[in-house]
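Undergrad: Data: data-v1.txt, compact mmCIF, N, CA and C atoms.
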# COMPACT_ATOMS: atom_id res chain seq x y z
N MET H 1 24.02 -14.42 -17.85
CA MET H 1 25.05 -15.29 -18.34
C MET H 1 25.51 -14.77 -19.69
N PRO H 2 26.78 -14.57 -19.90
CA PRO H 2 27.27 -14.04 -21.17
C PRO H 2 27.15 -15.09 -22.28
N ASN H 3 26.99 -14.61 -23.50
CA ASN H 3 26.90 -15.50 -24.65
C ASN H 3 28.30 -15.98 -25.00
N THR H 4 28.55 -17.27 -24.82
CA THR H 4 29.88 -17.82 -25.09
C THR H 4 29.91 -18.60 -26.39
N ALA H 5 28.80 -18.57 -27.15
CA ALA H 5 28.75 -19.30 -28.40
C ALA H 5 29.69 -18.66 -29.41
N THR H 6 30.35 -19.49 -30.16
CA THR H 6 31.23 -18.99 -31.21
C THR H 6 30.58 -19.27 -32.55
N PRO H 7 30.68 -18.34 -33.49
CA PRO H 7 30.06 -18.56 -34.79
C PRO H 7 30.78 -19.67 -35.54
N HIS H 8 30.05 -20.30 -36.46
CA HIS H 8 30.63 -21.32 -37.31
C HIS H 8 31.75 -20.68 -38.12
N PRO H 9 32.90 -21.35 -38.27
CA PRO H 9 34.01 -20.72 -38.98
C PRO H 9 33.70 -20.37 -40.42
N ASP H 10 32.83 -21.13 -41.08
CA ASP H 10 32.47 -20.84 -42.46
C ASP H 10 30.96 -20.94 -42.62
N PRO H 11 30.22 -19.84 -42.38
CA PRO H 11 28.76 -19.91 -42.43
C PRO H 11 28.22 -20.11 -43.84
N GLY H 12 29.03 -20.01 -44.84
CA GLY H 12 28.57 -20.20 -46.21
C GLY H 12 28.42 -18.88 -46.92
N PRO H 13 28.36 -18.92 -48.24
CA PRO H 13 28.27 -17.66 -49.00
C PRO H 13 26.93 -16.97 -48.79
N GLY H 14 26.98 -15.68 -48.60
CA GLY H 14 25.78 -14.87 -48.50
C GLY H 14 25.06 -14.93 -47.16
N LEU H 15 25.56 -15.65 -46.18
CA LEU H 15 24.89 -15.71 -44.88
C LEU H 15 25.47 -14.66 -43.96
N ASP H 16 24.60 -13.86 -43.39
CA ASP H 16 25.01 -12.80 -42.47
C ASP H 16 24.75 -13.29 -41.05
N THR H 17 25.80 -13.72 -40.37
CA THR H 17 25.63 -14.25 -39.02
C THR H 17 25.45 -13.14 -37.99
N GLU H 18 25.83 -11.94 -38.32
CA GLU H 18 25.67 -10.82 -37.39
C GLU H 18 24.23 -10.32 -37.36
N HIS H 19 23.54 -10.36 -38.52
CA HIS H 19 22.18 -9.86 -38.65
C HIS H 19 21.33 -10.88 -39.40
N PRO H 20 20.94 -11.96 -38.74
CA PRO H 20 20.13 -12.96 -39.44
C PRO H 20 18.76 -12.41 -39.83
N ALA H 21 18.21 -12.96 -40.89
CA ALA H 21 16.88 -12.54 -41.34
C ALA H 21 15.85 -12.92 -40.29
N PRO H 22 14.83 -12.07 -40.08
CA PRO H 22 13.80 -12.43 -39.10
C PRO H 22 13.02 -13.65 -39.57
N MET H 23 12.52 -14.38 -38.62
CA MET H 23 11.71 -15.56 -38.89
C MET H 23 10.40 -15.14 -39.55
N THR H 24 9.89 -15.96 -40.44
CA THR H 24 8.57 -15.70 -41.03
C THR H 24 7.60 -16.73 -40.47
N TYR H 25 6.34 -16.33 -40.33
CA TYR H 25 5.32 -17.18 -39.73
C TYR H 25 4.12 -17.24 -40.66
N ARG H 26 3.55 -18.43 -40.80
CA ARG H 26 2.38 -18.60 -41.66
C ARG H 26 1.12 -18.21 -40.88
N PRO H 27 0.08 -17.75 -41.60
CA PRO H 27 -1.18 -17.46 -40.91
C PRO H 27 -1.70 -18.70 -40.20
N GLY H 28 -2.17 -18.49 -38.97
CA GLY H 28 -2.68 -19.59 -38.17
C GLY H 28 -1.68 -20.11 -37.15
N ALA H 29 -0.39 -19.78 -37.33
CA ALA H 29 0.63 -20.25 -36.39
C ALA H 29 0.45 -19.54 -35.05
N TYR H 30 0.78 -20.25 -33.98
CA TYR H 30 0.73 -19.65 -32.65
C TYR H 30 2.12 -19.20 -32.26
N VAL H 31 2.21 -17.96 -31.84
CA VAL H 31 3.49 -17.34 -31.49
C VAL H 31 3.37 -16.64 -30.14
N VAL H 32 4.51 -16.23 -29.62
CA VAL H 32 4.54 -15.44 -28.39
C VAL H 32 5.17 -14.09 -28.73
N ASP H 33 4.45 -13.02 -28.37
CA ASP H 33 4.99 -11.68 -28.47
C ASP H 33 5.93 -11.53 -27.28
N THR H 34 7.23 -11.57 -27.53
CA THR H 34 8.20 -11.59 -26.43
C THR H 34 8.28 -10.27 -25.68
N ARG H 35 7.71 -9.21 -26.24
CA ARG H 35 7.71 -7.92 -25.53
C ARG H 35 6.78 -7.96 -24.33
N THR H 36 5.69 -8.76 -24.44
CA THR H 36 4.70 -8.82 -23.36
C THR H 36 4.43 -10.24 -22.87
N ALA H 37 5.14 -11.22 -23.45
CA ALA H 37 4.95 -12.64 -23.12
C ALA H 37 3.50 -13.06 -23.36
N THR H 38 2.91 -12.58 -24.47
CA THR H 38 1.52 -12.84 -24.80
C THR H 38 1.42 -13.86 -25.93
N LEU H 39 0.61 -14.91 -25.72
CA LEU H 39 0.35 -15.89 -26.77
C LEU H 39 -0.57 -15.25 -27.79
N ALA H 40 -0.29 -15.47 -29.08
CA ALA H 40 -1.09 -14.87 -30.15
C ALA H 40 -1.11 -15.80 -31.35
N GLN H 41 -2.05 -15.54 -32.25
CA GLN H 41 -2.15 -16.29 -33.49
C GLN H 41 -1.84 -15.35 -34.64
N VAL H 42 -1.01 -15.80 -35.57
CA VAL H 42 -0.62 -14.98 -36.72
C VAL H 42 -1.80 -14.88 -37.68
N MET H 43 -2.12 -13.64 -38.06
CA MET H 43 -3.20 -13.39 -39.01
C MET H 43 -2.65 -13.03 -40.39
N GLY H 44 -1.46 -12.48 -40.44
CA GLY H 44 -0.87 -12.08 -41.73
C GLY H 44 0.23 -11.08 -41.49
N THR H 45 0.63 -10.41 -42.56
CA THR H 45 1.66 -9.38 -42.45
C THR H 45 1.12 -8.07 -42.99
N LEU H 46 1.68 -6.99 -42.48
CA LEU H 46 1.35 -5.66 -42.95
C LEU H 46 2.65 -4.89 -43.00
N GLY H 47 3.19 -4.73 -44.19
CA GLY H 47 4.50 -4.10 -44.31
C GLY H 47 5.54 -4.94 -43.60
N PRO H 48 6.36 -4.32 -42.77
CA PRO H 48 7.41 -5.07 -42.08
C PRO H 48 6.91 -5.78 -40.83
N HIS H 49 5.66 -5.61 -40.46
CA HIS H 49 5.14 -6.18 -39.22
C HIS H 49 4.28 -7.41 -39.45
N VAL H 50 4.17 -8.22 -38.42
CA VAL H 50 3.29 -9.38 -38.41
C VAL H 50 2.05 -8.99 -37.62
N GLN H 51 0.87 -9.27 -38.18
CA GLN H 51 -0.37 -8.98 -37.47
C GLN H 51 -0.78 -10.23 -36.69
N VAL H 52 -1.02 -10.05 -35.40
CA VAL H 52 -1.41 -11.15 -34.53
C VAL H 52 -2.65 -10.75 -33.74
N ARG H 53 -3.29 -11.74 -33.14
CA ARG H 53 -4.45 -11.48 -32.29
C ARG H 53 -4.50 -12.57 -31.22
N PRO H 54 -5.30 -12.38 -30.18
CA PRO H 54 -5.46 -13.43 -29.18
C PRO H 54 -6.00 -14.70 -29.84
N PRO H 55 -5.63 -15.88 -29.34
CA PRO H 55 -6.04 -17.13 -29.98
C PRO H 55 -7.54 -17.31 -30.17
N ARG H 56 -8.35 -16.80 -29.30
CA ARG H 56 -9.80 -16.97 -29.42
C ARG H 56 -10.48 -15.76 -30.06
N GLY H 57 -9.71 -14.94 -30.71
CA GLY H 57 -10.26 -13.77 -31.38
C GLY H 57 -10.05 -12.51 -30.55
N GLY H 58 -10.26 -11.40 -31.16
CA GLY H 58 -10.08 -10.13 -30.49
C GLY H 58 -9.34 -9.16 -31.38
N LYS H 59 -8.95 -8.06 -30.78
CA LYS H 59 -8.30 -6.99 -31.52
C LYS H 59 -6.89 -7.41 -31.93
N GLU H 60 -6.57 -7.18 -33.21
CA GLU H 60 -5.24 -7.49 -33.72
C GLU H 60 -4.26 -6.39 -33.34
N TRP H 61 -2.99 -6.76 -33.29
CA TRP H 61 -1.93 -5.77 -33.09
C TRP H 61 -0.74 -6.15 -33.96
N ASP H 62 0.10 -5.17 -34.23
CA ASP H 62 1.27 -5.38 -35.08
C ASP H 62 2.49 -5.62 -34.22
N VAL H 63 3.33 -6.57 -34.67
CA VAL H 63 4.53 -6.93 -33.94
C VAL H 63 5.68 -7.03 -34.93
N PRO H 64 6.85 -6.47 -34.59
CA PRO H 64 8.00 -6.71 -35.46
C PRO H 64 8.36 -8.20 -35.40
N PRO H 65 8.72 -8.81 -36.53
CA PRO H 65 9.00 -10.25 -36.53
C PRO H 65 10.12 -10.64 -35.56
N THR H 66 11.02 -9.72 -35.28
CA THR H 66 12.11 -10.03 -34.35
C THR H 66 11.62 -10.15 -32.90
N ALA H 67 10.40 -9.69 -32.62
CA ALA H 67 9.86 -9.77 -31.26
C ALA H 67 8.95 -10.98 -31.09
N LEU H 68 8.93 -11.88 -32.09
CA LEU H 68 8.09 -13.07 -32.01
C LEU H 68 8.94 -14.34 -31.93
N ARG H 69 8.36 -15.35 -31.30
CA ARG H 69 8.93 -16.70 -31.35
C ARG H 69 7.76 -17.67 -31.42
N LEU H 70 8.01 -18.85 -31.96
CA LEU H 70 6.95 -19.85 -32.02
C LEU H 70 6.55 -20.26 -30.61
N ALA H 71 5.27 -20.45 -30.39
CA ALA H 71 4.78 -20.90 -29.09
C ALA H 71 5.04 -22.40 -28.96
N GLY H 72 5.45 -22.80 -27.79
CA GLY H 72 5.67 -24.22 -27.53
C GLY H 72 4.35 -24.92 -27.28
N ARG H 73 4.39 -26.25 -27.39
CA ARG H 73 3.18 -27.05 -27.18
C ARG H 73 2.58 -26.78 -25.80
N GLU H 74 3.42 -26.73 -24.78
CA GLU H 74 2.92 -26.50 -23.42
C GLU H 74 2.21 -25.16 -23.31
N GLU H 75 2.73 -24.13 -23.99
CA GLU H 75 2.09 -22.81 -23.96
C GLU H 75 0.73 -22.85 -24.64
N ARG H 76 0.65 -23.57 -25.76
CA ARG H 76 -0.64 -23.67 -26.47
C ARG H 76 -1.65 -24.45 -25.64
N VAL H 77 -1.22 -25.54 -25.02
CA VAL H 77 -2.13 -26.34 -24.19
C VAL H 77 -2.60 -25.53 -23.00
N ALA H 78 -1.68 -24.81 -22.35
CA ALA H 78 -2.04 -24.00 -21.19
C ALA H 78 -3.08 -22.93 -21.54
N ALA H 79 -3.04 -22.47 -22.79
CA ALA H 79 -4.00 -21.45 -23.23
C ALA H 79 -5.29 -22.08 -23.75
N GLY H 80 -5.36 -23.41 -23.74
CA GLY H 80 -6.58 -24.09 -24.19
C GLY H 80 -6.74 -24.10 -25.69
N VAL H 81 -5.64 -24.10 -26.42
CA VAL H 81 -5.69 -24.07 -27.88
C VAL H 81 -5.62 -25.50 -28.40
N ARG H 82 -6.78 -26.13 -28.62
CA ARG H 82 -6.92 -27.44 -29.24
C ARG H 82 -5.84 -28.44 -28.83
N ASP H 83 -5.56 -28.55 -27.57
CA ASP H 83 -4.54 -29.46 -27.07
C ASP H 83 -3.20 -29.24 -27.74
N GLY H 84 -2.94 -28.01 -28.18
CA GLY H 84 -1.67 -27.70 -28.80
C GLY H 84 -1.57 -28.16 -30.24
N ALA H 85 -2.68 -28.60 -30.82
CA ALA H 85 -2.66 -29.12 -32.18
C ALA H 85 -2.59 -27.99 -33.19
N SER H 86 -2.37 -28.37 -34.42
CA SER H 86 -2.33 -27.43 -35.53
C SER H 86 -3.69 -26.74 -35.66
N ALA H 87 -3.71 -25.59 -36.32
CA ALA H 87 -4.96 -24.90 -36.59
C ALA H 87 -5.81 -25.68 -37.58
N SER H 88 -5.24 -26.66 -38.25
CA SER H 88 -5.97 -27.54 -39.15
C SER H 88 -5.93 -28.95 -38.60
N PRO H 89 -7.07 -29.64 -38.54
CA PRO H 89 -7.06 -31.00 -38.00
C PRO H 89 -6.26 -31.97 -38.86
N VAL H 90 -6.01 -31.61 -40.13
CA VAL H 90 -5.26 -32.50 -41.01
C VAL H 90 -3.94 -31.89 -41.48
N GLY H 91 -3.55 -30.75 -40.91
CA GLY H 91 -2.28 -30.12 -41.27
C GLY H 91 -2.28 -29.47 -42.64
N CYS H 92 -3.43 -29.02 -43.11
CA CYS H 92 -3.57 -28.45 -44.45
C CYS H 92 -3.45 -26.92 -44.40
N GLY H 93 -2.54 -26.37 -45.16
CA GLY H 93 -2.36 -24.92 -45.21
C GLY H 93 -3.57 -24.19 -45.76
N ARG H 94 -4.24 -24.78 -46.74
CA ARG H 94 -5.44 -24.16 -47.31
C ARG H 94 -6.56 -24.09 -46.26
N CYS H 95 -6.68 -25.15 -45.45
CA CYS H 95 -7.67 -25.15 -44.36
C CYS H 95 -7.41 -23.97 -43.42
N VAL H 96 -6.14 -23.78 -43.07
CA VAL H 96 -5.78 -22.70 -42.16
C VAL H 96 -6.12 -21.35 -42.78
N ALA H 97 -5.76 -21.16 -44.05
CA ALA H 97 -6.03 -19.88 -44.70
C ALA H 97 -7.53 -19.59 -44.78
N LEU H 98 -8.32 -20.61 -45.10
CA LEU H 98 -9.78 -20.42 -45.16
C LEU H 98 -10.35 -20.13 -43.79
N ARG H 99 -9.82 -20.81 -42.77
CA ARG H 99 -10.30 -20.58 -41.40
C ARG H 99 -9.97 -19.15 -40.95
N VAL H 100 -8.78 -18.67 -41.29
CA VAL H 100 -8.40 -17.30 -40.95
C VAL H 100 -9.34 -16.32 -41.64
N ALA H 101 -9.64 -16.57 -42.92
CA ALA H 101 -10.57 -15.69 -43.64
C ALA H 101 -11.95 -15.70 -42.99
N TYR H 102 -12.37 -16.88 -42.53
CA TYR H 102 -13.67 -16.99 -41.85
C TYR H 102 -13.66 -16.18 -40.55
N GLU H 103 -12.60 -16.32 -39.77
CA GLU H 103 -12.52 -15.59 -38.50
C GLU H 103 -12.53 -14.08 -38.72
N GLU H 104 -11.86 -13.63 -39.79
CA GLU H 104 -11.87 -12.20 -40.10
C GLU H 104 -13.26 -11.74 -40.53
N ALA H 105 -13.96 -12.57 -41.30
CA ALA H 105 -15.29 -12.20 -41.80
C ALA H 105 -16.33 -12.19 -40.70
N ARG H 106 -16.13 -12.99 -39.66
CA ARG H 106 -17.11 -13.06 -38.57
C ARG H 106 -17.35 -11.72 -37.90
N GLY H 107 -16.34 -10.87 -37.87
CA GLY H 107 -16.49 -9.58 -37.21
C GLY H 107 -17.13 -8.53 -38.09
N GLY H 108 -17.44 -8.88 -39.33
CA GLY H 108 -18.00 -7.88 -40.24
C GLY H 108 -19.35 -8.27 -40.78
N ASP H 109 -19.46 -8.21 -42.09
CA ASP H 109 -20.71 -8.47 -42.80
C ASP H 109 -21.14 -9.93 -42.63
N GLU H 110 -22.42 -10.13 -42.28
CA GLU H 110 -22.94 -11.48 -42.02
C GLU H 110 -22.89 -12.35 -43.28
N ASP H 111 -23.19 -11.78 -44.44
CA ASP H 111 -23.15 -12.55 -45.69
C ASP H 111 -21.73 -13.04 -45.98
N GLU H 112 -20.74 -12.19 -45.73
CA GLU H 112 -19.34 -12.60 -45.93
C GLU H 112 -18.96 -13.73 -44.99
N ALA H 113 -19.44 -13.66 -43.76
CA ALA H 113 -19.14 -14.71 -42.78
C ALA H 113 -19.77 -16.03 -43.21
N VAL H 114 -20.99 -15.99 -43.72
CA VAL H 114 -21.65 -17.21 -44.19
C VAL H 114 -20.90 -17.78 -45.39
N ASP H 115 -20.53 -16.92 -46.34
CA ASP H 115 -19.77 -17.38 -47.51
C ASP H 115 -18.45 -18.00 -47.10
N ALA H 116 -17.77 -17.40 -46.13
CA ALA H 116 -16.48 -17.92 -45.68
C ALA H 116 -16.66 -19.27 -44.98
N ALA H 117 -17.73 -19.43 -44.19
CA ALA H 117 -17.99 -20.71 -43.53
C ALA H 117 -18.28 -21.79 -44.56
N ILE H 118 -19.02 -21.46 -45.59
CA ILE H 118 -19.31 -22.42 -46.66
C ILE H 118 -18.02 -22.81 -47.37
N ALA H 119 -17.14 -21.85 -47.62
CA ALA H 119 -15.87 -22.14 -48.29
C ALA H 119 -15.02 -23.11 -47.46
N VAL H 120 -15.01 -22.92 -46.13
CA VAL H 120 -14.26 -23.83 -45.25
C VAL H 120 -14.80 -25.24 -45.39
N ARG H 121 -16.11 -25.39 -45.29
CA ARG H 121 -16.74 -26.72 -45.35
C ARG H 121 -16.56 -27.38 -46.71
N GLN H 122 -16.76 -26.60 -47.78
CA GLN H 122 -16.63 -27.17 -49.12
C GLN H 122 -15.20 -27.65 -49.36
N HIS H 123 -14.23 -26.85 -48.95
CA HIS H 123 -12.83 -27.26 -49.13
C HIS H 123 -12.54 -28.54 -48.34
N PHE H 124 -12.96 -28.57 -47.09
CA PHE H 124 -12.67 -29.74 -46.25
C PHE H 124 -13.29 -31.00 -46.86
N ARG H 125 -14.54 -30.89 -47.29
CA ARG H 125 -15.21 -32.06 -47.86
C ARG H 125 -14.53 -32.52 -49.15
N SER H 126 -14.24 -31.58 -50.04
CA SER H 126 -13.68 -31.98 -51.33
C SER H 126 -12.21 -32.40 -51.23
N ALA H 127 -11.45 -31.75 -50.38
CA ALA H 127 -10.01 -32.04 -50.30
C ALA H 127 -9.68 -33.18 -49.35
N HIS H 128 -10.49 -33.38 -48.33
CA HIS H 128 -10.10 -34.34 -47.30
C HIS H 128 -11.06 -35.50 -47.11
N LEU H 129 -12.35 -35.29 -47.36
CA LEU H 129 -13.30 -36.38 -47.16
C LEU H 129 -13.59 -37.12 -48.46
N LEU H 130 -13.94 -36.38 -49.51
CA LEU H 130 -14.30 -37.04 -50.76
C LEU H 130 -13.09 -37.69 -51.42
N SER H 131 -11.92 -37.06 -51.32
CA SER H 131 -10.74 -37.64 -51.97
C SER H 131 -10.39 -38.98 -51.34
N GLU H 132 -10.55 -39.12 -50.02
CA GLU H 132 -10.26 -40.40 -49.37
C GLU H 132 -11.33 -41.43 -49.70
N ALA H 133 -12.59 -41.01 -49.81
CA ALA H 133 -13.67 -41.94 -50.07
C ALA H 133 -13.59 -42.49 -51.50
N ASN H 134 -12.98 -41.73 -52.41
CA ASN H 134 -12.92 -42.16 -53.80
C ASN H 134 -11.63 -42.88 -54.16
N THR H 135 -10.85 -43.30 -53.18
CA THR H 135 -9.58 -43.96 -53.48
C THR H 135 -9.72 -45.47 -53.40
N TRP H 136 -10.81 -46.03 -53.82
CA TRP H 136 -11.04 -47.46 -53.78
C TRP H 136 -10.78 -47.99 -55.12
Let me see whether you can do it: turn the structure in this file into structure tokens.

TA:
Amino acid sequence: MPNTATPHPDPGPGLDTEHPAPMTYRPGAYVVDTRTATLAQVMGTLGPHVQVRPPRGGKEWDVPPTALRLAGREERVAAGVRDGASASPVGCGRCVALRVAYEEARGGDEDEAVDAAIAVRQHFRSAHLLSEANTW
């Protein structure tokens, strides 16, 4: 089917409608590599590429950001990813970043993995459990 969409008559100053900027993704987000229709989790960026890996861990690969799209809830659920929920049970970006660091450390030095696990727990307790308990 041909693209029959017409561009907005006035896209605004500085907006390039012919070559839009690629989407950026935060670590922990679930995306689909459209080249292979593979569900992946964003681990970070390396130069112009986004580093992704299978949702349950595994070897990372680089993807140009233009070849990625956000995974839909149904895709995440079908892959068994926490019922399609966020990588953080409370929607906290710091939780996601610490969890990503923990997952990376698990494949290497055992002491680093233990330190990363402690950092995840300490952050969760201080930022999400203790702060709510002390609001009386």

Undergrad: First collect every listed atom of range 37-56 of chain H; then fit an axis-aligned box around them, widen it by 3 Å on each side, and give centre and edge lengths in Å to one decimal, as AutoDock Vina command-line options.

TA:
--center_x -1.5 --center_y -10.7 --center_z -33.7 --size_x 23.9 --size_y 19.2 --size_z 27.2

Undergrad: Applying 7 Å and all atoms listed in the file, which residues near Arg26 in chain H remain after dropping the ones on its own chain fewer than 5 positions away? List them as a list in words.

TA: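 The contact residues come out as Val42, Met43 and Gly44 of chain H.
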
Undergrad: Would you work out the distance separating atom N of Gly107 in chain H from atom C of Leu39 in chain H, expressed in Å to one decimal?

TA: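 Atom-to-atom, atom N of Gly107 in chain H to atom C of Leu39 in chain H, that is 19.2 Å.
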
Undergrad: In Å, rounded to a single decimal, give me how far CA of Gln122 in chain H is from CA of Arg76 in chain H.

TA: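 CA of Gln122 in chain H lies at a distance of 27.9 Å from CA of Arg76 in chain H.
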
Undergrad: CA of Ala37 in chain H to CA of Arg94 in chain H: how many Å, to one decimal?

TA: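 Atom-to-atom, CA of Ala37 in chain H to CA of Arg94 in chain H, that is 28.7 Å.
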
Undergrad: Using only C-alpha atoms, which of the listed residues (H:Thr36, H:Cys95, H:Leu46, H:Asp109) sits closest to Arg121 in chain H?

TA: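 Looking at the shortest contact to Arg121 in chain H, the residue is H:Cys95.
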
Undergrad: Counting only C-alpha atoms, find the residues whose atoms lie at most 9 Å from (9.6, -16.6, -37.3) (file coordinates) and write them out as JSON, numbers by chain.

TA: {"H": [22, 23, 24, 25, 26, 31, 65, 66, 68, 69, 70]}

Undergrad: Nearest residue to Asp62 in chain H out of H:Val50, H:Cys92, H:Ala116, H:Val32, using only N, CA and C atoms?

TA: H:Val50

Undergrad: Can you tell me which residues surround range 52-55 of chain H at a distance of at most 5 Å, considering only N, CA and C atoms, apart from same-chain residues fewer than 3 positions away, and format the answer as number ranges by chain?

TA: H: 40-43, 59-61

Undergrad: Print the selection's residues with N, CA and C atoms to a file, as a PDB file, keeping the file's coordinate frame.

TA:
ATOM      1  N   ALA H  40      -0.290 -15.470 -29.080  1.00  0.00           N
ATOM      2  CA  ALA H  40      -1.090 -14.870 -30.150  1.00  0.00           C
ATOM      3  C   ALA H  40      -1.110 -15.800 -31.350  1.00  0.00           C
ATOM      4  N   GLN H  41      -2.050 -15.540 -32.250  1.00  0.00           N
ATOM      5  CA  GLN H  41      -2.150 -16.290 -33.490  1.00  0.00           C
ATOM      6  C   GLN H  41      -1.840 -15.350 -34.640  1.00  0.00           C
ATOM      7  N   VAL H  42      -1.010 -15.800 -35.570  1.00  0.00           N
ATOM      8  CA  VAL H  42      -0.620 -14.980 -36.720  1.00  0.00           C
ATOM      9  C   VAL H  42      -1.800 -14.880 -37.680  1.00  0.00           C
ATOM     10  N   MET H  43      -2.120 -13.640 -38.060  1.00  0.00           N
ATOM     11  CA  MET H  43      -3.200 -13.390 -39.010  1.00  0.00           C
ATOM     12  C   MET H  43      -2.650 -13.030 -40.390  1.00  0.00           C
ATOM     13  N   LYS H  59      -8.950  -8.060 -30.780  1.00  0.00           N
ATOM     14  CA  LYS H  59      -8.300  -6.990 -31.520  1.00  0.00           C
ATOM     15  C   LYS H  59      -6.890  -7.410 -31.930  1.00  0.00           C
ATOM     16  N   GLU H  60      -6.570  -7.180 -33.210  1.00  0.00           N
ATOM     17  CA  GLU H  60      -5.240  -7.490 -33.720  1.00  0.00           C
ATOM     18  C   GLU H  60      -4.260  -6.390 -33.340  1.00  0.00           C
ATOM     19  N   TRP H  61      -2.990  -6.760 -33.290  1.00  0.00           N
ATOM     20  CA  TRP H  61      -1.930  -5.770 -33.090  1.00  0.00           C
ATOM     21  C   TRP H  61      -0.740  -6.150 -33.960  1.00  0.00           C
TER      22      TRP H  61
END

Undergrad: When distances are computed from all atoms listed in the file, which of H:Thr34, H:Ile118, H:His49, H:Val77 shows the smallest separation from Pro64 in chain H?

TA: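 Among the listed residues, H:His49 lies closest to Pro64 in chain H.
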
Undergrad: With only N, CA and C atoms as the atoms that count, which of H:Arg99, H:Ala113, H:Asp33, H:Val81 lies nearest to Arg56 in chain H?

TA: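 Ranked by minimum distance to Arg56 in chain H, first place goes to H:Val81.
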
Undergrad: Could you check the closest approach to Pro27 in chain H for each of H:Val100, H:Ala127, H:Ala105, H:Glu110 and tell me which residue wins, using only N, CA and C atoms?

TA: H:Val100
